[in-house]
>>> print(open('model15.txt').read())   # compact mmCIF, N, CA, C and O atoms
# COMPACT_ATOMS: atom_id res chain seq x y z
N MET A 1 -46.61 -6.24 -18.52
CA MET A 1 -46.37 -5.98 -17.13
C MET A 1 -45.19 -6.80 -16.64
O MET A 1 -45.07 -7.96 -16.97
N SER A 2 -44.35 -6.19 -15.84
CA SER A 2 -43.22 -6.94 -15.28
C SER A 2 -43.62 -7.58 -13.98
O SER A 2 -44.48 -7.10 -13.26
N ASN A 3 -42.99 -8.67 -13.70
CA ASN A 3 -43.32 -9.44 -12.50
C ASN A 3 -42.31 -9.08 -11.40
O ASN A 3 -41.28 -9.73 -11.25
N ILE A 4 -42.59 -8.06 -10.63
CA ILE A 4 -41.68 -7.59 -9.60
C ILE A 4 -41.68 -8.54 -8.41
O ILE A 4 -40.70 -8.64 -7.69
N GLY A 5 -42.70 -9.29 -8.19
CA GLY A 5 -42.80 -10.19 -7.05
C GLY A 5 -41.76 -11.29 -7.06
O GLY A 5 -41.47 -11.89 -6.03
N ASN A 6 -41.14 -11.59 -8.21
CA ASN A 6 -40.15 -12.66 -8.29
C ASN A 6 -38.76 -12.22 -7.86
O ASN A 6 -37.85 -13.03 -7.78
N ILE A 7 -38.57 -10.92 -7.62
CA ILE A 7 -37.26 -10.43 -7.20
C ILE A 7 -37.06 -10.78 -5.73
O ILE A 7 -37.86 -10.44 -4.88
N SER A 8 -35.98 -11.48 -5.46
CA SER A 8 -35.71 -11.86 -4.08
C SER A 8 -34.76 -10.85 -3.44
O SER A 8 -33.91 -10.26 -4.11
N THR A 9 -34.92 -10.65 -2.15
CA THR A 9 -34.04 -9.73 -1.44
C THR A 9 -32.86 -10.51 -0.90
O THR A 9 -32.97 -11.66 -0.49
N LEU A 10 -31.71 -9.87 -0.92
CA LEU A 10 -30.49 -10.49 -0.41
C LEU A 10 -30.20 -9.94 0.98
O LEU A 10 -30.19 -8.73 1.19
N GLY A 11 -29.94 -10.83 1.89
CA GLY A 11 -29.54 -10.42 3.22
C GLY A 11 -28.03 -10.29 3.30
O GLY A 11 -27.30 -10.60 2.36
N THR A 12 -27.56 -9.82 4.45
CA THR A 12 -26.12 -9.64 4.64
C THR A 12 -25.39 -10.97 4.52
O THR A 12 -24.32 -11.05 3.92
N ALA A 13 -25.94 -12.03 5.07
CA ALA A 13 -25.31 -13.36 5.00
C ALA A 13 -25.18 -13.81 3.55
O ALA A 13 -24.16 -14.38 3.16
N ASP A 14 -26.21 -13.54 2.74
CA ASP A 14 -26.16 -13.92 1.32
C ASP A 14 -25.05 -13.16 0.59
O ASP A 14 -24.32 -13.72 -0.22
N LEU A 15 -24.93 -11.86 0.90
CA LEU A 15 -23.90 -11.06 0.27
C LEU A 15 -22.50 -11.53 0.67
O LEU A 15 -21.59 -11.58 -0.15
N LEU A 16 -22.33 -11.89 1.94
CA LEU A 16 -21.03 -12.38 2.39
C LEU A 16 -20.68 -13.71 1.74
O LEU A 16 -19.53 -13.97 1.40
N ASN A 17 -21.67 -14.58 1.56
CA ASN A 17 -21.44 -15.86 0.88
C ASN A 17 -21.03 -15.63 -0.57
O ASN A 17 -20.14 -16.31 -1.09
N GLN A 18 -21.68 -14.69 -1.24
CA GLN A 18 -21.32 -14.38 -2.61
C GLN A 18 -19.92 -13.79 -2.68
O GLN A 18 -19.16 -14.09 -3.59
N LYS A 19 -19.57 -12.96 -1.71
CA LYS A 19 -18.26 -12.33 -1.70
C LYS A 19 -17.16 -13.37 -1.55
O LYS A 19 -16.12 -13.29 -2.18
N SER A 20 -17.38 -14.40 -0.72
CA SER A 20 -16.37 -15.42 -0.51
C SER A 20 -16.18 -16.28 -1.75
O SER A 20 -15.12 -16.88 -1.94
N LYS A 21 -17.17 -16.34 -2.62
CA LYS A 21 -17.06 -17.14 -3.83
C LYS A 21 -16.35 -16.40 -4.96
O LYS A 21 -15.88 -17.01 -5.90
N VAL A 22 -16.28 -15.08 -4.87
CA VAL A 22 -15.66 -14.28 -5.92
C VAL A 22 -14.15 -14.45 -5.84
O VAL A 22 -13.54 -14.31 -4.79
N GLN A 23 -13.56 -14.75 -6.97
CA GLN A 23 -12.11 -14.90 -7.03
C GLN A 23 -11.50 -13.64 -7.60
O GLN A 23 -12.02 -13.07 -8.55
N THR A 24 -10.42 -13.20 -7.00
CA THR A 24 -9.75 -12.00 -7.48
C THR A 24 -8.37 -12.38 -7.98
O THR A 24 -7.42 -12.46 -7.22
N PRO A 25 -8.24 -12.68 -9.28
CA PRO A 25 -6.94 -13.09 -9.80
C PRO A 25 -5.89 -12.00 -9.70
O PRO A 25 -4.71 -12.27 -9.58
N GLY A 26 -6.29 -10.74 -9.73
CA GLY A 26 -5.33 -9.64 -9.65
C GLY A 26 -4.88 -9.37 -8.22
O GLY A 26 -3.91 -8.67 -8.00
N GLY A 27 -5.58 -9.91 -7.24
CA GLY A 27 -5.23 -9.66 -5.85
C GLY A 27 -3.86 -10.18 -5.48
O GLY A 27 -3.12 -9.53 -4.74
N GLU A 28 -3.52 -11.34 -5.98
CA GLU A 28 -2.20 -11.92 -5.68
C GLU A 28 -1.09 -11.09 -6.32
O GLU A 28 -0.05 -10.87 -5.71
N GLN A 29 -1.32 -10.63 -7.54
CA GLN A 29 -0.33 -9.81 -8.22
C GLN A 29 -0.14 -8.48 -7.47
O GLN A 29 0.98 -8.01 -7.33
N PHE A 30 -1.25 -7.91 -7.00
CA PHE A 30 -1.16 -6.66 -6.25
C PHE A 30 -0.36 -6.87 -4.98
O PHE A 30 0.49 -6.04 -4.63
N ALA A 31 -0.60 -7.98 -4.30
CA ALA A 31 0.13 -8.27 -3.06
C ALA A 31 1.62 -8.44 -3.34
O ALA A 31 2.46 -7.96 -2.56
N LYS A 32 1.97 -9.08 -4.45
CA LYS A 32 3.38 -9.24 -4.80
C LYS A 32 4.04 -7.90 -5.09
O LYS A 32 5.16 -7.64 -4.64
N HIS A 33 3.34 -7.04 -5.82
CA HIS A 33 3.89 -5.72 -6.13
C HIS A 33 4.04 -4.88 -4.86
O HIS A 33 5.03 -4.17 -4.70
N LEU A 34 3.07 -4.98 -3.98
CA LEU A 34 3.13 -4.22 -2.73
C LEU A 34 4.29 -4.69 -1.87
O LEU A 34 5.04 -3.88 -1.32
N LYS A 35 4.46 -6.00 -1.77
CA LYS A 35 5.57 -6.54 -0.99
C LYS A 35 6.91 -6.14 -1.59
O LYS A 35 7.84 -5.78 -0.87
N SER A 36 7.00 -6.17 -2.90
CA SER A 36 8.23 -5.77 -3.58
C SER A 36 8.55 -4.31 -3.31
O SER A 36 9.70 -3.95 -3.03
N ALA A 37 7.53 -3.45 -3.36
CA ALA A 37 7.73 -2.02 -3.10
C ALA A 37 8.17 -1.79 -1.66
O ALA A 37 9.06 -0.97 -1.40
N LEU A 38 7.57 -2.51 -0.73
CA LEU A 38 7.95 -2.36 0.68
C LEU A 38 9.38 -2.83 0.92
O LEU A 38 10.13 -2.21 1.69
N ASN A 39 9.78 -3.90 0.26
CA ASN A 39 11.16 -4.37 0.38
C ASN A 39 12.15 -3.35 -0.18
O ASN A 39 13.21 -3.11 0.39
N GLU A 40 11.78 -2.72 -1.30
CA GLU A 40 12.65 -1.71 -1.89
C GLU A 40 12.77 -0.49 -0.97
O GLU A 40 13.87 0.04 -0.78
N ILE A 41 11.67 -0.09 -0.36
CA ILE A 41 11.71 1.04 0.58
C ILE A 41 12.57 0.68 1.79
O ILE A 41 13.35 1.51 2.27
N ASN A 42 12.47 -0.55 2.26
CA ASN A 42 13.29 -0.99 3.39
C ASN A 42 14.77 -0.94 3.03
O ASN A 42 15.60 -0.49 3.84
N GLU A 43 15.13 -1.39 1.83
CA GLU A 43 16.53 -1.33 1.39
C GLU A 43 17.04 0.11 1.32
O GLU A 43 18.17 0.40 1.73
N LEU A 44 16.19 1.01 0.84
CA LEU A 44 16.58 2.41 0.77
C LEU A 44 16.77 3.00 2.17
O LEU A 44 17.68 3.81 2.40
N GLN A 45 15.95 2.57 3.12
CA GLN A 45 16.08 3.06 4.50
C GLN A 45 17.39 2.56 5.11
O GLN A 45 18.07 3.29 5.84
N VAL A 46 17.76 1.32 4.81
CA VAL A 46 19.02 0.77 5.31
C VAL A 46 20.20 1.55 4.72
O VAL A 46 21.14 1.91 5.44
N GLU A 47 20.14 1.83 3.42
CA GLU A 47 21.20 2.61 2.78
C GLU A 47 21.30 4.01 3.39
O GLU A 47 22.39 4.54 3.59
N LYS A 48 20.15 4.59 3.71
CA LYS A 48 20.13 5.91 4.33
C LYS A 48 20.79 5.87 5.70
O LYS A 48 21.60 6.74 6.04
N GLU A 49 20.48 4.84 6.48
CA GLU A 49 21.06 4.73 7.81
C GLU A 49 22.58 4.58 7.74
O GLU A 49 23.31 5.16 8.54
N VAL A 50 23.05 3.82 6.77
CA VAL A 50 24.49 3.66 6.58
C VAL A 50 25.12 5.00 6.20
O VAL A 50 26.17 5.39 6.72
N ALA A 51 24.47 5.73 5.29
CA ALA A 51 24.99 7.03 4.86
C ALA A 51 25.03 8.02 6.02
O ALA A 51 26.02 8.75 6.18
N VAL A 52 23.99 8.04 6.84
CA VAL A 52 23.96 8.96 7.98
C VAL A 52 25.04 8.58 8.98
O VAL A 52 25.73 9.45 9.53
N ALA A 53 25.23 7.27 9.22
CA ALA A 53 26.28 6.83 10.15
C ALA A 53 27.65 7.20 9.61
O ALA A 53 28.53 7.63 10.38
N ASP A 54 27.86 7.06 8.31
CA ASP A 54 29.14 7.43 7.71
C ASP A 54 29.40 8.93 7.84
O ASP A 54 30.53 9.35 8.12
N ILE A 55 28.35 9.72 7.65
CA ILE A 55 28.51 11.17 7.80
C ILE A 55 28.83 11.51 9.26
O ILE A 55 29.71 12.33 9.54
N ALA A 56 28.14 10.87 10.19
CA ALA A 56 28.33 11.17 11.60
C ALA A 56 29.72 10.78 12.09
O ALA A 56 30.30 11.45 12.94
N THR A 57 30.27 9.70 11.55
CA THR A 57 31.58 9.23 11.99
C THR A 57 32.72 9.80 11.15
O THR A 57 33.89 9.54 11.45
N GLY A 58 32.40 10.53 10.10
CA GLY A 58 33.42 11.12 9.25
C GLY A 58 34.02 10.14 8.26
O GLY A 58 35.06 10.40 7.68
N GLN A 59 33.39 9.00 8.06
CA GLN A 59 33.89 7.99 7.14
C GLN A 59 33.28 8.12 5.75
O GLN A 59 33.50 7.25 4.91
N VAL A 60 32.53 9.17 5.51
CA VAL A 60 31.88 9.33 4.22
C VAL A 60 32.94 9.56 3.14
O VAL A 60 33.86 10.35 3.30
N LYS A 61 32.81 8.82 2.05
CA LYS A 61 33.74 8.94 0.93
C LYS A 61 33.24 9.97 -0.07
O LYS A 61 34.01 10.73 -0.64
N ASP A 62 31.94 9.98 -0.29
CA ASP A 62 31.35 10.90 -1.24
C ASP A 62 30.09 11.50 -0.62
O ASP A 62 29.05 10.84 -0.53
N LEU A 63 30.18 12.73 -0.17
CA LEU A 63 29.07 13.39 0.50
C LEU A 63 27.86 13.53 -0.43
O LEU A 63 26.71 13.40 0.01
N HIS A 64 28.12 13.73 -1.70
CA HIS A 64 27.04 13.88 -2.68
C HIS A 64 26.20 12.59 -2.76
O HIS A 64 24.97 12.64 -2.75
N GLN A 65 26.87 11.44 -2.85
CA GLN A 65 26.15 10.16 -2.92
C GLN A 65 25.38 9.89 -1.63
O GLN A 65 24.27 9.35 -1.67
N ALA A 66 25.94 10.27 -0.49
CA ALA A 66 25.25 10.09 0.79
C ALA A 66 23.99 10.95 0.83
O ALA A 66 22.92 10.50 1.27
N ALA A 67 24.10 12.19 0.35
CA ALA A 67 22.94 13.08 0.32
C ALA A 67 21.86 12.55 -0.62
O ALA A 67 20.66 12.64 -0.32
N ILE A 68 22.27 11.98 -1.73
CA ILE A 68 21.30 11.40 -2.68
C ILE A 68 20.60 10.20 -2.04
O ILE A 68 19.38 10.05 -2.16
N ALA A 69 21.34 9.35 -1.35
CA ALA A 69 20.74 8.18 -0.69
C ALA A 69 19.72 8.62 0.37
O ALA A 69 18.63 8.04 0.48
N ILE A 70 20.06 9.65 1.13
CA ILE A 70 19.15 10.15 2.15
C ILE A 70 17.89 10.73 1.50
O ILE A 70 16.77 10.47 1.94
N GLY A 71 18.07 11.51 0.44
CA GLY A 71 16.93 12.10 -0.26
C GLY A 71 16.01 11.07 -0.88
O GLY A 71 14.78 11.19 -0.80
N LYS A 72 16.60 10.04 -1.51
CA LYS A 72 15.78 8.97 -2.11
C LYS A 72 14.97 8.25 -1.06
O LYS A 72 13.78 7.96 -1.25
N ALA A 73 15.60 7.95 0.08
CA ALA A 73 14.89 7.23 1.15
C ALA A 73 13.75 8.07 1.71
O ALA A 73 12.65 7.56 1.94
N GLU A 74 14.00 9.36 1.92
CA GLU A 74 12.95 10.23 2.44
C GLU A 74 11.80 10.38 1.46
O GLU A 74 10.63 10.32 1.85
N LEU A 75 12.11 10.55 0.20
CA LEU A 75 11.07 10.71 -0.82
C LEU A 75 10.22 9.45 -0.95
O LEU A 75 8.99 9.52 -1.01
N ASN A 76 10.87 8.29 -0.96
CA ASN A 76 10.13 7.03 -1.07
C ASN A 76 9.29 6.77 0.17
O ASN A 76 8.19 6.23 0.08
N MET A 77 9.78 7.16 1.35
CA MET A 77 9.00 6.99 2.57
C MET A 77 7.76 7.88 2.53
O MET A 77 6.66 7.45 2.89
N LYS A 78 7.91 9.12 2.07
CA LYS A 78 6.76 10.02 1.95
C LYS A 78 5.74 9.47 0.96
O LYS A 78 4.53 9.52 1.21
N LEU A 79 6.22 8.92 -0.16
CA LEU A 79 5.32 8.33 -1.15
C LEU A 79 4.57 7.15 -0.55
O LEU A 79 3.35 7.03 -0.73
N MET A 80 5.27 6.28 0.17
CA MET A 80 4.62 5.13 0.78
C MET A 80 3.56 5.56 1.79
O MET A 80 2.47 5.00 1.85
N LEU A 81 3.85 6.59 2.58
CA LEU A 81 2.89 7.08 3.56
C LEU A 81 1.66 7.67 2.88
O LEU A 81 0.53 7.48 3.34
N GLU A 82 1.84 8.36 1.77
CA GLU A 82 0.70 8.91 1.03
C GLU A 82 -0.16 7.79 0.45
O GLU A 82 -1.38 7.86 0.48
N ILE A 83 0.49 6.75 -0.08
CA ILE A 83 -0.26 5.61 -0.62
C ILE A 83 -1.05 4.93 0.50
O ILE A 83 -2.22 4.58 0.35
N ARG A 84 -0.40 4.76 1.66
CA ARG A 84 -1.08 4.16 2.80
C ARG A 84 -2.28 5.00 3.22
O ARG A 84 -3.37 4.47 3.46
N ASN A 85 -2.10 6.32 3.29
CA ASN A 85 -3.20 7.20 3.69
C ASN A 85 -4.36 7.13 2.70
O ASN A 85 -5.52 7.09 3.11
N LYS A 86 -4.04 7.09 1.40
CA LYS A 86 -5.10 6.99 0.39
C LYS A 86 -5.84 5.65 0.50
O LYS A 86 -7.06 5.60 0.38
N ALA A 87 -5.09 4.58 0.76
CA ALA A 87 -5.72 3.26 0.89
C ALA A 87 -6.62 3.22 2.13
O ALA A 87 -7.73 2.67 2.09
N LEU A 88 -6.16 3.80 3.23
CA LEU A 88 -6.98 3.83 4.44
C LEU A 88 -8.24 4.67 4.23
O LEU A 88 -9.32 4.29 4.69
N ASN A 89 -8.10 5.79 3.56
CA ASN A 89 -9.27 6.62 3.27
C ASN A 89 -10.27 5.88 2.39
O ASN A 89 -11.48 5.97 2.60
N ALA A 90 -9.77 5.15 1.40
CA ALA A 90 -10.66 4.37 0.52
C ALA A 90 -11.35 3.27 1.32
O ALA A 90 -12.55 3.03 1.15
N TYR A 91 -10.63 2.62 2.22
CA TYR A 91 -11.21 1.56 3.04
C TYR A 91 -12.30 2.13 3.95
O TYR A 91 -13.38 1.56 4.10
N LYS A 92 -12.03 3.30 4.56
CA LYS A 92 -13.03 3.93 5.42
C LYS A 92 -14.26 4.34 4.62
O LYS A 92 -15.39 4.20 5.09
N GLU A 93 -14.04 4.82 3.41
CA GLU A 93 -15.16 5.21 2.55
C GLU A 93 -16.01 4.00 2.19
O GLU A 93 -17.24 4.07 2.17
N LEU A 94 -15.35 2.88 1.91
CA LEU A 94 -16.11 1.66 1.63
C LEU A 94 -16.89 1.20 2.84
O LEU A 94 -18.00 0.68 2.72
N GLY A 95 -16.32 1.41 4.03
CA GLY A 95 -17.04 1.05 5.26
C GLY A 95 -18.27 1.89 5.48
O GLY A 95 -19.26 1.44 6.07
N ARG A 96 -18.26 3.11 5.00
CA ARG A 96 -19.41 4.01 5.14
C ARG A 96 -20.48 3.75 4.07
O ARG A 96 -21.60 4.21 4.19
N THR A 97 -20.10 3.01 3.05
CA THR A 97 -21.04 2.74 1.97
C THR A 97 -22.12 1.78 2.43
O THR A 97 -21.83 0.75 3.03
N GLN A 98 -23.35 2.13 2.18
CA GLN A 98 -24.46 1.28 2.58
C GLN A 98 -24.76 0.28 1.47
O GLN A 98 -24.71 0.60 0.29
N LEU A 99 -25.04 -0.93 1.90
CA LEU A 99 -25.36 -1.98 0.92
C LEU A 99 -26.84 -1.98 0.60
O LEU A 99 -27.68 -1.73 1.32
>>> encode(input="model15.txt", output="structure tokens")
Amino acid sequence: MSNIGNISTLGTADLLNQKSKVQTPGGEQFAKHLKSALNEINELQVEKEVAVADIATGQVKDLHQAAIAIGKAELNMKLMLEIRNKALNAYKELGRTQL
């Protein structure tokens, strides 16, 4: 026979205390990669703004390169927004999860 009476129940405070003790070594690496990706997207947006300003003022030297810069910035922005949306959906799903 198993002794079920020895199983203790965990309250919310107990779970939060356990959570604060858990170390996530990969969390710092993830934060570094995320920051690096955001910096790269910001640089692409700056390049796009310069290309658009050059086109608007007629100072563009190579229209093809300007179009490529604009396309890269738009594509990376769409990718970042999709990643953000997926992360928010995952966070909301975790919030709906019952403990």
>>> closest_residue(input="model15.txt", among="A:Lys92, A:Val46, A:Ser36, A:Ile41", to="Asn76 (chain A)", atoms="all atoms listed in the file")
A:Ile41
>>> closest_residue(input="model15.txt", among="A:Lys48, A:Lys35, A:Arg84, A:Lys78", to="Ala66 (chain A)", atoms="all atoms listed in the file")
A:Lys48
>>> atom_distance(input="model15.txt", atom1="atom O of Leu94 (chain A)", atom2="atom N of Phe30 (chain A)")
21.2 Å
>>> atom_distance(input="model15.txt", atom1="atom O of Glu43 (chain A)", atom2="atom C of Ala87 (chain A)")
25.0 Å
>>> atom_distance(input="model15.txt", atom1="atom C of Ile70 (chain A)", atom2="atom O of Ile55 (chain A)")
14.4 Å
>>> closest_residue(input="model15.txt", among="A:His33, A:Lys61, A:Ala69, A:Glu93", to="Glu49 (chain A)", atoms="all atoms listed in the file")
A:Ala69
>>> closest_residue(input="model15.txt", among="A:Gln59, A:Gln65, A:Asn42, A:Thr97", to="Met77 (chain A)", atoms="only C-alpha atoms")
A:Asn42
